[in-house]
Every structure is written in C-alpha cells, then in structure tokens.
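Structure file my_file_12.txt; described as compact mmCIF, C-alpha atoms and all ligand atoms.
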```
# COMPACT_ATOMS: atom_id res chain seq x y z
CA MET A 1 -50.68 -5.74 21.58
CA SER A 2 -49.44 -2.31 20.53
CA PRO A 3 -45.79 -1.85 19.64
CA PHE A 4 -43.86 -1.43 22.85
CA ILE A 5 -40.48 0.08 23.33
CA GLY A 6 -39.79 0.15 27.01
CA LYS A 7 -37.25 -0.32 29.73
CA LYS A 8 -36.30 -3.78 28.59
CA THR A 9 -35.58 -2.54 25.07
CA TRP A 10 -37.98 -4.95 23.42
CA CYS A 11 -40.34 -3.94 20.67
CA ARG A 12 -42.96 -5.90 18.77
CA LYS A 13 -42.89 -5.52 15.01
CA SER A 14 -46.16 -3.76 14.18
CA MET A 15 -45.90 -4.25 10.40
CA THR A 16 -47.92 -6.99 8.77
CA ASN A 17 -46.24 -9.61 6.59
CA ASN A 18 -47.26 -10.73 3.06
CA ASN A 19 -50.21 -12.77 4.42
CA GLY A 20 -51.59 -9.75 6.21
CA LYS A 21 -50.78 -11.38 9.54
CA LYS A 22 -48.80 -9.76 12.28
CA PRO A 23 -45.54 -11.60 12.75
CA ASN A 24 -45.04 -12.80 16.24
CA ARG A 25 -41.36 -12.04 16.30
CA ILE A 26 -39.86 -9.95 19.03
CA VAL A 27 -36.93 -7.79 17.98
CA GLN A 28 -34.43 -6.49 20.46
CA LEU A 29 -33.50 -2.94 19.59
CA SER A 30 -29.89 -3.30 20.58
CA ASP A 31 -29.58 -6.29 18.19
CA ALA A 32 -31.24 -4.61 15.22
CA ALA A 33 -29.73 -1.16 15.64
CA PRO A 34 -26.23 -2.00 14.31
CA TYR A 35 -27.83 -2.97 10.99
CA VAL A 36 -29.84 0.24 10.67
CA LEU A 37 -28.30 3.14 12.57
CA PRO A 38 -24.95 3.26 10.70
CA TYR A 39 -26.89 3.88 7.46
CA LEU A 40 -28.62 7.01 8.76
CA TYR A 41 -27.70 10.56 7.84
CA PRO A 42 -26.91 12.81 10.85
CA ALA A 43 -30.35 14.50 10.80
CA GLU A 44 -32.09 11.10 10.78
CA LEU A 45 -29.85 9.85 13.56
CA SER A 46 -30.61 12.81 15.79
CA ALA A 47 -34.36 12.47 15.05
CA ILE A 48 -34.35 8.79 15.97
CA SER A 49 -32.32 9.47 19.12
CA LEU A 50 -35.21 11.52 20.47
CA THR A 51 -37.66 8.61 20.36
CA CYS A 52 -36.47 6.64 23.40
CA LYS A 53 -33.62 6.28 25.83
CA THR A 54 -32.25 3.12 24.18
CA LEU A 55 -32.08 4.69 20.74
CA HIS A 56 -30.62 7.83 22.28
CA LEU A 57 -27.74 5.79 23.73
CA LEU A 58 -27.24 3.79 20.55
CA ALA A 59 -27.24 6.95 18.39
CA LYS A 60 -24.72 8.47 20.77
CA SER A 61 -22.39 5.52 20.29
CA VAL A 62 -22.76 5.79 16.46
CA THR A 63 -21.77 9.46 16.76
CA ALA A 64 -18.78 8.56 18.94
CA VAL A 65 -17.55 5.97 16.41
CA ARG A 66 -18.05 8.41 13.52
CA SER A 67 -16.06 11.14 15.30
CA SER A 68 -13.28 8.70 16.13
CA ASP A 69 -12.41 7.91 12.51
CA ALA A 70 -13.40 9.85 9.38
CA CYS A 71 -11.97 6.98 7.26
CA ARG A 72 -14.35 4.27 8.53
CA ASN A 73 -11.43 2.01 9.47
CA SER A 74 -10.36 1.81 5.83
CA GLU A 75 -6.93 3.45 6.18
CA LYS A 76 -3.98 2.19 8.23
CA LEU A 77 -4.61 4.68 11.05
CA PRO A 78 -7.83 6.28 12.32
CA ILE A 79 -8.23 10.00 11.52
CA PRO A 80 -10.41 11.51 14.28
CA PHE A 81 -12.49 14.67 14.36
CA VAL A 82 -11.43 17.06 17.14
CA ASN A 83 -13.80 19.82 18.22
CA SER A 84 -12.61 21.51 21.39
CA ALA A 85 -15.84 23.34 22.12
CA VAL A 86 -15.75 25.56 18.98
CA ASP A 87 -19.36 24.58 18.35
CA ASN A 88 -21.54 21.47 18.64
CA HIS A 89 -20.48 19.63 15.42
CA PRO A 90 -19.03 16.23 16.43
CA TYR A 91 -18.09 15.24 12.84
CA ALA A 92 -18.73 16.06 9.17
CA TYR A 93 -20.81 13.66 7.11
CA PHE A 94 -19.64 12.46 3.68
CA ILE A 95 -19.27 9.17 1.88
CA TYR A 96 -15.77 7.75 2.07
CA THR A 97 -13.71 6.65 -0.88
CA PRO A 98 -9.94 6.10 -0.66
CA THR A 99 -9.41 7.03 -4.31
CA GLN A 100 -11.22 8.73 -7.18
CA VAL A 101 -14.49 7.26 -8.48
CA LEU A 102 -16.65 8.01 -11.51
CA SER A 103 -19.36 10.57 -10.82
CA PHE A 104 -22.81 9.60 -9.57
CA SER A 105 -25.62 11.24 -11.51
CA ASP A 106 -28.06 10.71 -8.64
CA ASP A 107 -27.40 10.77 -4.94
CA PRO A 108 -24.75 8.17 -4.06
CA PRO A 109 -25.92 5.07 -2.17
CA ARG A 110 -25.88 5.14 1.61
CA GLN A 111 -22.72 3.91 3.25
CA PRO A 112 -22.71 2.38 6.74
CA TRP A 113 -20.67 4.40 9.25
CA GLY A 114 -20.63 3.73 12.97
CA LEU A 115 -21.16 1.04 15.61
CA TYR A 116 -19.02 -1.73 14.19
CA PRO A 117 -15.56 -1.67 12.62
CA LEU A 118 -15.93 -1.58 8.86
CA GLN A 119 -13.80 -3.45 6.41
CA ARG A 120 -12.83 -1.79 3.15
CA ARG A 121 -15.22 -4.04 1.25
CA ASP A 122 -18.14 -2.85 3.42
CA LEU A 123 -17.86 0.68 2.12
CA GLY A 124 -20.03 -0.14 -0.87
CA LEU A 125 -17.93 1.80 -3.37
CA ILE A 126 -15.74 0.55 -6.15
CA LEU A 127 -12.21 0.24 -4.84
CA PRO A 128 -9.06 -0.02 -6.96
CA PRO A 129 -7.97 -3.57 -7.70
CA THR A 130 -5.05 -4.89 -5.70
CA LEU A 131 -2.27 -6.70 -7.49
CA GLU A 132 -1.51 -10.34 -7.11
CA ASP A 133 0.83 -11.10 -4.25
CA GLY A 134 4.31 -12.17 -5.14
CA ALA A 135 4.61 -10.28 -8.44
CA ARG A 136 7.80 -8.20 -8.50
CA CYS A 137 8.65 -5.25 -10.69
CA GLU A 138 11.81 -5.67 -12.67
CA CYS A 139 12.43 -2.00 -13.37
CA GLU A 140 15.58 -0.18 -12.20
CA ARG A 141 13.57 1.88 -9.73
CA CYS A 142 12.70 -1.29 -7.84
CA GLY A 143 16.35 -2.25 -7.64
CA ASN A 144 16.12 -5.25 -9.97
CA ASP A 145 16.85 -5.80 -13.65
CA SER A 146 15.51 -3.16 -15.95
CA ALA A 147 14.16 -5.73 -18.39
CA GLY A 148 10.47 -6.30 -18.79
CA CYS A 149 8.82 -3.43 -16.97
CA PRO A 150 6.76 -1.14 -19.18
CA CYS A 151 6.48 1.63 -16.55
CA PRO A 152 7.79 5.08 -17.50
CA CYS A 153 10.08 5.45 -14.45
CA SER A 154 12.70 7.30 -16.49
CA ARG A 155 10.30 10.18 -16.88
CA GLN A 156 10.27 10.84 -13.11
CA ASN A 157 10.93 14.27 -11.56
CA PHE A 158 8.74 16.29 -13.93
CA SER A 159 7.75 19.25 -11.80
CA GLY A 160 4.21 18.75 -10.46
CA LEU A 161 3.95 15.39 -12.23
CA ARG A 162 5.02 12.03 -10.92
CA TRP A 163 5.09 8.67 -12.62
CA GLU A 164 4.43 5.57 -10.59
CA CYS A 165 4.26 1.89 -11.38
CA GLY A 166 0.71 0.64 -11.81
CA SER A 167 -1.44 -2.12 -13.22
CA GLY A 168 0.74 -2.07 -16.33
CA CYS A 169 3.73 -3.28 -14.27
CA ILE A 170 4.38 -6.61 -12.71
CA CYS A 171 5.34 -5.27 -9.27
CA ASP A 172 3.07 -5.26 -6.21
CA LEU A 173 2.06 -2.48 -3.83
CA GLU A 174 5.34 -2.85 -1.91
CA CYS A 175 7.25 -1.48 -4.91
CA SER A 176 9.13 1.69 -3.91
CA ASN A 177 7.67 3.45 -6.93
CA ARG A 178 4.10 3.26 -5.64
CA VAL A 179 4.25 5.57 -2.61
CA SER A 180 0.89 7.16 -3.31
CA GLN A 181 -0.94 3.87 -3.73
CA ARG A 182 -0.58 2.39 -0.27
CA GLY A 183 -3.15 4.59 1.46
CA ILE A 184 -2.61 7.11 4.23
CA SER A 185 0.08 6.06 6.68
CA ILE A 186 0.78 9.21 8.72
CA ARG A 187 -1.09 10.42 11.79
CA LEU A 188 -3.59 13.15 10.94
CA LYS A 189 -6.62 14.70 12.64
CA ILE A 190 -9.50 16.89 11.51
CA VAL A 191 -9.75 19.92 13.76
CA ARG A 192 -12.65 22.38 14.04
CA SER A 193 -11.76 26.06 14.16
CA PRO A 194 -13.83 29.25 14.18
CA GLY A 195 -14.06 30.84 10.73
CA LYS A 196 -12.65 27.98 8.68
CA GLY A 197 -14.73 25.05 9.93
CA TRP A 198 -12.91 21.70 9.76
CA GLY A 199 -9.24 21.59 8.76
CA LEU A 200 -6.67 18.82 8.38
CA HIS A 201 -3.85 18.88 10.95
CA ALA A 202 -0.69 16.86 11.47
CA GLY A 203 -0.89 14.33 14.30
CA GLN A 204 2.89 13.77 14.08
CA PHE A 205 6.02 15.37 12.60
CA ILE A 206 5.94 15.09 8.80
CA ARG A 207 9.14 15.31 6.78
CA SER A 208 9.28 17.44 3.62
CA GLY A 209 8.52 15.31 0.56
CA GLU A 210 6.38 12.74 2.40
CA PHE A 211 3.20 11.55 0.73
CA ILE A 212 0.12 12.80 2.60
CA CYS A 213 -2.95 11.62 0.70
CA GLU A 214 -4.75 11.55 -2.61
CA TYR A 215 -7.51 14.07 -3.32
CA ALA A 216 -10.24 11.45 -3.67
CA GLY A 217 -13.72 12.19 -4.92
CA GLU A 218 -16.01 12.03 -7.93
CA LEU A 219 -14.34 12.59 -11.29
CA LEU A 220 -16.51 15.05 -13.22
CA THR A 221 -16.71 16.28 -16.77
CA THR A 222 -16.11 20.02 -17.04
CA LYS A 223 -19.78 20.54 -17.92
CA GLU A 224 -20.88 18.74 -14.74
CA ALA A 225 -18.24 20.55 -12.65
CA ARG A 226 -19.56 23.94 -13.81
CA LYS A 227 -23.15 22.91 -13.10
CA ARG A 228 -22.27 21.74 -9.59
CA GLN A 229 -20.18 24.85 -8.84
CA GLU A 230 -23.19 27.04 -9.66
CA ILE A 231 -25.29 25.05 -7.18
CA TYR A 232 -22.57 25.24 -4.51
CA ASP A 233 -22.18 29.01 -4.99
CA LYS A 234 -25.91 29.48 -4.38
CA LEU A 235 -25.85 27.23 -1.30
CA LYS A 236 -22.79 29.02 0.03
CA SER A 237 -24.70 32.26 0.27
CA THR A 238 -26.79 30.56 2.98
CA ASN A 239 -23.52 30.14 4.94
CA LYS A 240 -24.42 26.57 5.79
CA HIS A 241 -22.62 24.73 3.05
CA THR A 242 -19.00 24.07 2.21
CA SER A 243 -18.01 22.47 -1.06
CA ALA A 244 -14.86 20.64 -2.06
CA LEU A 245 -14.62 20.82 -5.84
CA LEU A 246 -11.02 20.87 -7.03
CA VAL A 247 -10.00 21.72 -10.59
CA VAL A 248 -6.46 20.90 -11.65
CA ARG A 249 -5.02 21.67 -15.06
CA GLU A 250 -2.32 19.52 -16.58
CA HIS A 251 -0.33 21.25 -19.30
CA LEU A 252 0.45 18.69 -21.95
CA PRO A 253 4.02 18.49 -23.35
CA SER A 254 3.00 20.32 -26.57
CA GLY A 255 2.51 23.41 -24.37
CA ASN A 256 -0.61 24.43 -26.33
CA THR A 257 -3.20 22.25 -24.67
CA CYS A 258 -4.10 21.52 -21.14
CA MET A 259 -6.18 18.76 -19.62
CA ARG A 260 -8.62 19.59 -16.81
CA ILE A 261 -9.22 17.23 -13.97
CA ASN A 262 -12.34 18.02 -11.93
CA ILE A 263 -12.69 16.16 -8.65
CA ASP A 264 -15.66 16.79 -6.41
CA ALA A 265 -15.20 15.57 -2.84
CA THR A 266 -18.26 17.37 -1.49
CA LYS A 267 -20.44 14.24 -1.12
CA ILE A 268 -17.94 11.45 -1.77
CA GLY A 269 -14.30 11.87 -0.87
CA ASN A 270 -11.58 11.31 1.66
CA ILE A 271 -9.91 13.47 4.30
CA ALA A 272 -8.28 15.71 1.65
CA ARG A 273 -11.67 17.42 1.42
CA PHE A 274 -10.84 19.09 4.76
CA ILE A 275 -7.64 20.80 3.57
CA ASN A 276 -8.08 24.57 3.87
CA HIS A 277 -6.58 27.38 1.82
CA SER A 278 -3.55 29.43 2.80
CA CYS A 279 -2.53 32.64 1.00
CA ASP A 280 1.19 31.89 1.53
CA GLY A 281 0.95 28.64 -0.45
CA GLY A 282 0.76 26.49 2.67
CA ASN A 283 2.88 23.43 3.35
CA LEU A 284 1.54 21.00 0.76
CA SER A 285 2.19 20.63 -2.94
CA THR A 286 -0.35 19.23 -5.37
CA VAL A 287 1.16 16.61 -7.63
CA LEU A 288 -0.45 14.81 -10.56
CA VAL A 289 0.44 11.16 -10.29
CA ARG A 290 0.26 8.99 -13.37
CA ASN A 291 0.26 5.25 -12.79
CA SER A 292 1.47 3.02 -15.54
CA GLY A 293 -1.58 1.45 -17.16
CA ALA A 294 -4.05 4.07 -15.89
CA LEU A 295 -5.81 6.43 -18.28
CA LEU A 296 -6.25 9.33 -15.88
CA PRO A 297 -3.82 10.86 -13.40
CA ARG A 298 -4.66 11.16 -9.70
CA VAL A 299 -4.21 14.36 -7.70
CA CYS A 300 -2.00 13.79 -4.65
CA PHE A 301 -0.64 15.92 -1.81
CA PHE A 302 2.97 15.76 -0.67
CA ALA A 303 4.54 17.83 2.15
CA SER A 304 6.39 20.75 0.58
CA LYS A 305 8.26 21.47 3.84
CA ASP A 306 8.75 19.88 7.25
CA ILE A 307 5.46 20.03 9.18
CA LEU A 308 5.37 19.99 12.98
CA LYS A 309 2.86 17.95 15.00
CA ASP A 310 -0.46 19.84 15.41
CA GLN A 311 0.29 22.24 12.51
CA GLU A 312 -2.49 22.69 9.98
CA LEU A 313 -1.94 21.24 6.50
CA THR A 314 -2.84 23.79 3.81
CA PHE A 315 -2.27 24.67 0.18
CA SER A 316 -3.16 27.60 -2.03
CA TYR A 317 -6.57 27.33 -3.71
CA GLY A 318 -5.46 29.89 -6.32
CA ASP A 319 -5.17 33.61 -6.83
CA SER A 320 -7.53 35.66 -4.63
CA GLY A 321 -6.98 38.74 -6.81
CA LEU A 322 -9.30 37.08 -9.32
CA ASN A 323 -12.17 36.98 -6.87
CA PRO A 324 -13.07 40.46 -5.55
CA ASN A 325 -16.43 39.14 -4.26
CA GLY A 326 -14.93 36.10 -2.57
CA SER A 327 -15.67 35.10 1.00
CA LYS A 328 -13.45 36.07 3.94
CA CYS A 329 -10.13 34.26 4.30
CA PHE A 330 -9.04 33.23 7.78
CA CYS A 331 -5.69 31.64 6.88
CA GLY A 332 -3.96 33.96 9.35
CA THR A 333 -0.69 34.19 7.42
CA SER A 334 1.23 37.46 7.15
CA CYS A 335 0.50 37.64 3.40
CA CYS A 336 -3.24 36.95 3.76
CA THR A 337 -5.25 38.99 1.23
CA GLY A 338 -8.37 38.68 3.39
CA ILE A 339 -10.29 37.13 0.49
CA MET A 340 -10.67 33.48 -0.51
CA PRO A 341 -9.53 32.67 -4.06
CA SER A 342 -11.91 32.25 -6.94
CA GLU A 343 -13.86 29.05 -7.11
CA HIS A 344 -14.86 29.66 -10.73
CA THR A 345 -14.59 26.47 -12.68
C1 LIG B 1 -12.44 22.01 0.68
S1 LIG B 1 -13.34 22.76 1.95
C2 LIG B 1 -12.23 22.69 3.29
C3 LIG B 1 -12.88 22.09 4.53
C4 LIG B 1 -13.86 22.99 5.21
N1 LIG B 1 -13.20 23.93 6.07
C5 LIG B 1 -14.92 22.22 5.96
O1 LIG B 1 -15.23 22.55 7.11
O2 LIG B 1 -15.45 21.24 5.41
C6 LIG B 1 -13.28 24.41 1.38
C7 LIG B 1 -14.07 25.38 2.22
O3 LIG B 1 -13.44 25.57 3.48
C8 LIG B 1 -13.50 26.95 3.87
N2 LIG B 1 -12.13 27.48 3.90
C9 LIG B 1 -11.02 26.92 3.40
N3 LIG B 1 -9.94 27.67 3.63
C10 LIG B 1 -10.37 28.75 4.28
C11 LIG B 1 -9.72 29.94 4.77
N4 LIG B 1 -8.42 30.13 4.65
N5 LIG B 1 -10.51 30.86 5.37
C12 LIG B 1 -11.84 30.69 5.50
N6 LIG B 1 -12.50 29.60 5.07
C13 LIG B 1 -11.77 28.64 4.46
C14 LIG B 1 -14.33 27.64 2.80
O4 LIG B 1 -15.66 27.63 3.23
C15 LIG B 1 -14.14 26.75 1.60
O5 LIG B 1 -15.22 26.85 0.69
```

As structure tokens - that is how I would like this structure written.
Amino acid sequence: MSPFIGKKTWCRKSMTNNNGKKPNRIVQLSDAAPYVLPYLYPAELSAISLTCKTLHLLAKSVTAVRSSDACRNSEKLPIPFVNSAVDNHPYAYFIYTPTQVLSFSDDPPRQPWGLYPLQRRDLGLILPPTLEDGARCECERCGNDSAGCPCPCSRQNFSGLRWECGSGCICDLECSNRVSQRGISIRLKIVRSPGKGWGLHAGQFIRSGEFICEYAGELLTTKEARKRQEIYDKLKSTNKHTSALLVVREHLPSGNTCMRINIDATKIGNIARFINHSCDGGNLSTVLVRNSGALLPRVCFFASKDILKDQELTFSYGDSGLNPNGSKCFCGTSCCTGIMPSEHT
C-alpha cells in the first residue's frame, strides 16, 4: 500500500526498517507532529504546511504558540509578538537562552518551540546552576550578620557597574542582592513597526531603576566578533537580515585598560535582542553586573526613567557621527540624527 495521508489523518510509514521489511505500524499525524514540528525552522514549517490540510492546521498552531511567547515558557511571564498588520511576520525565529552562553563554532542545535509548553530544561542549552534551597546570605545587604559572606557588596553603586551576590555566597536567589538573577518579571511585548522591524515594548508601567532583562547571547572573543560583524554587514546590504551583536567595554580601575565583552544574540539570545536604538539615549541603561564567584560580568538593562505601558524600550547603540554610511534611523526622537550608529566592532 502506498503511503496515505488522507481525511482521517493516518499515514503508513513508507521507510523500511533494518531488515529491509516495511514496518506495519500506522502513525497518526496528530500524535507524531508534536515531536517533530516544534523542531522545524520557519521555512521548513511553512513548506510542510503546504503538504496537507492536517499539517497545515498543526503548523498553524505551532506558529500561534511561537507568537504567543518568545521565551518558550521559560520566564515568569509570556512575552508575545504583536504585529498589527505591519506585514506578514508572525514572530522572529532565534534560539532562546535566559543568560549568556559560550559561543557555538557551528550552527547551534535545534531547539523545540511550539505546540506544547516547554520547561526550562527542555530548551537544550546550558542553564546557570540554581543554588541549594535554604541557604541564606549573611552579608549586611541581606539584612543579617555581616560575617561569612565573601561577596563584594560594599563596592556597590559604581556607575555602570553593579555587584551582586553569586555562587561565591551562601544566599539563595531570593537574596535582595540578586535582582538580575531571577529572570524577567515585568510584562513586556515585542511589537512590529515599519522601518525598525521588531521592538521591545512595555506591557505595564515600569518604575525608574527596575531591572528589565539581561542581554543574553553567545559570548565571543573579539576576533570572532569582528569576523561575524563582517558577515552581518554583508548580509545587511540585502536588507533581509538584522543582527544583534553588542560590544560593551569595561574600563578597569587602573584607567589604562579596558575589557571588551562581545555578546551576539543574533542566533541565540533572549528578548533583549529586540531592543532598538534611540538617538536621545532612550529609557534604558546598560549595566555590567558582576556576580560574586563569576569570572565574567553580565550585561543587564535597567529602566533609566519611568516607562509608561506600551512605550518602546530603547537605548543608545553609540555615536552615529562615527558612521556616515550607516543605515537610516527611525527612532523618531527630536534629536534623531537620521543615521544609525556605527556597528564597527
Ligand atoms: C538588535 S536588533 C533590534 C531588533 C530588530 N529591530 C529586529 O527586528 O530584530 C538591531 C537592528 O534593529 C534595527 N534598528 C534598531 N534601531 C533602529 C532604529 N532606531 N531605526 C531603524 N532601525 C533600527 C536595525 O536594523 C538594527 O541593525
């Protein structure tokens, strides 16, 4: 019997098994689809949706789940994509990580997204270890005795640099000095607009100083960052590609040296990859957060002013005067230079 995919959504496996015999097993598409469809890239999903009505409906429900939460159910609240008829993009595809990861030299592994609610462990990426329950920090910042905690709390309030407790402390994630380690807990949405593409917007009022999110992505060496930027610049000229490579420089106390942190959220990242540029500096500040016990700092966004519900969250990508050939800026602020800042790494 030839493979049959019909009204009743049954198909016969046409592949032969190890013995060269055709297995006699009947597979119901709607049962198998949840194990396959979430792994497909958007182009594959739309190709498969053209093959039959059942797969069309299943692919449509994968798309609906993907558009309903860019974070794959791995943050406290869903962060949906909103496209009010700007174009026909229901969502943007990328691999989700809640925090920074080491770079992948090849393409990262596929990550399931769609159809069933994912747990953090399903994401297939290395996630930061959680601390044992019950452990309590004894530092002053946590309101207890100052004895015993090796965290550098006393060095807090450095401008642009924040110290938090970490794996070197005995406190848990509830410690008040770990605000950037508990994931995203404010309502946000990713809104499509003409000119800028996707952008991150507030889904609620956000008070000045509140933690928004980490800039999560692949940590790159400077050599790798420069190589990737060259590739992205070429792709950008086709107008079909947006990249999300952020370079942050940390000036070390000596004043003579600075450390570069290159984070590429183009393929693997979190919702910070959707934050657009604003020539007036925007409403977010970029803060380097050092956790006690961690070698590298993380780049985090905090609200630099009160942000109203539905307002776009933005920050300044840099100085546009350095980039006379840059692409058009659509930030819409009164001080807009009309040109996007340099993306030279
Ligand atoms: C980190 S991504 C931000 C998310 C992006 N809008 C998207 O749709 O994925 C950076 C890219 O967004 C676009 N972008 C960001 N700010 C912009 C602005 N003010 N005007 C025009 N395009 C902007 C540029 O294409 C830039 O390379």

Please check which residues have atoms at most 7 Å from (-14.4, 19.4, -17.8) in the file's coordinates, counting only C-alpha atoms, and write them as a list in words.
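Every residue inside that radius is included here: Leu220, Thr221, Thr222, Lys223, Ala225, Arg260, Ile261 and Asn262 of chain A.
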
Choose the residue, out of A:Ser74, A:Ser243, A:Thr63, A:Gln204, that has the smallest atom-to-atom separation from ligand LIG 1 (chain B); count all atoms listed in the file.
A:Ser243

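Shortest atom-to-atom contact with ligand LIG 1 (chain B) among A:Ile339, A:Leu296, A:Ala244, A:Met259: A:Ala244, counting all atoms listed in the file.
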
Measuring atom to atom with only C-alpha atoms, identify which of A:Ile184, A:Cys258, A:Ile263, A:Ala64 is nearest to Leu102 in chain A.
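Checking each candidate against Leu102 in chain A, we get A:Ile263 as the closest.
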
At most 7 Å from ligand LIG 1 (chain B) (all atoms listed in the file): residue list as a list in words:
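Counting only what the definition allows, namely all atoms listed in the file, the set is Gly195, Lys196, Gly197, Trp198, Gly199, Thr242, Ser243, Ala244, Leu245, Arg273, Phe274, Ile275, Asn276, His277, Ser278, Lys328, Cys329, Phe330, Cys331 and Met340 of chain A.
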
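Rounded to one decimal, CA of Pro108 in chain A and CA of Glu224 in chain A lie 15.5 Å from each other.
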
For a quick check of understanding, using all atoms listed in the file, which of A:Thr266, A:Gln181, A:Asn325, A:Ser176 has the smallest distance to Ser103 in chain A?
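Of all the options, A:Thr266 lies closest to Ser103 in chain A.
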
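Considering only C-alpha atoms, the residue among A:Cys300, A:Thr238, A:Pro194, A:Leu161 positioned nearest to Phe211 in chain A is A:Cys300.
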
Counting only C-alpha atoms, figure out which residue out of A:Asn256, A:Gln229, A:Ser193, A:Gln111 gets nearest to Asp87 in chain A.
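Closest to Asp87 in chain A of all the choices is A:Ser193.
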
Point-to-point distance in Å for CA of Asn88 in chain A and CA of Asp31 in chain A
28.9 Å

Write out as an NGL selection string which residues come within 9 Å of Leu288 in chain A when counting only C-alpha atoms, dropping same-chain ones fewer than 4 positions away.
:A and (160-163 or 248 or 250 or 297-301)

Near-Val62 in chain A list (7 Å; all atoms listed in the file; drop same-chain fewer than 3 positions) as a list in words
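Once the nearby chain positions are removed, what remains is Pro38, Leu58, Ala59, Val65, Arg66, Gly114 and Leu115 of chain A.
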
As a ChimeraX atom specification, please: the residues near Leu313 in chain A (cut-off 12 Å, all atoms listed in the file, same-chain neighbours under 2 positions excluded).
/A:188-191,198-206,212-213,271-278,281-285,301-311,315-316,331
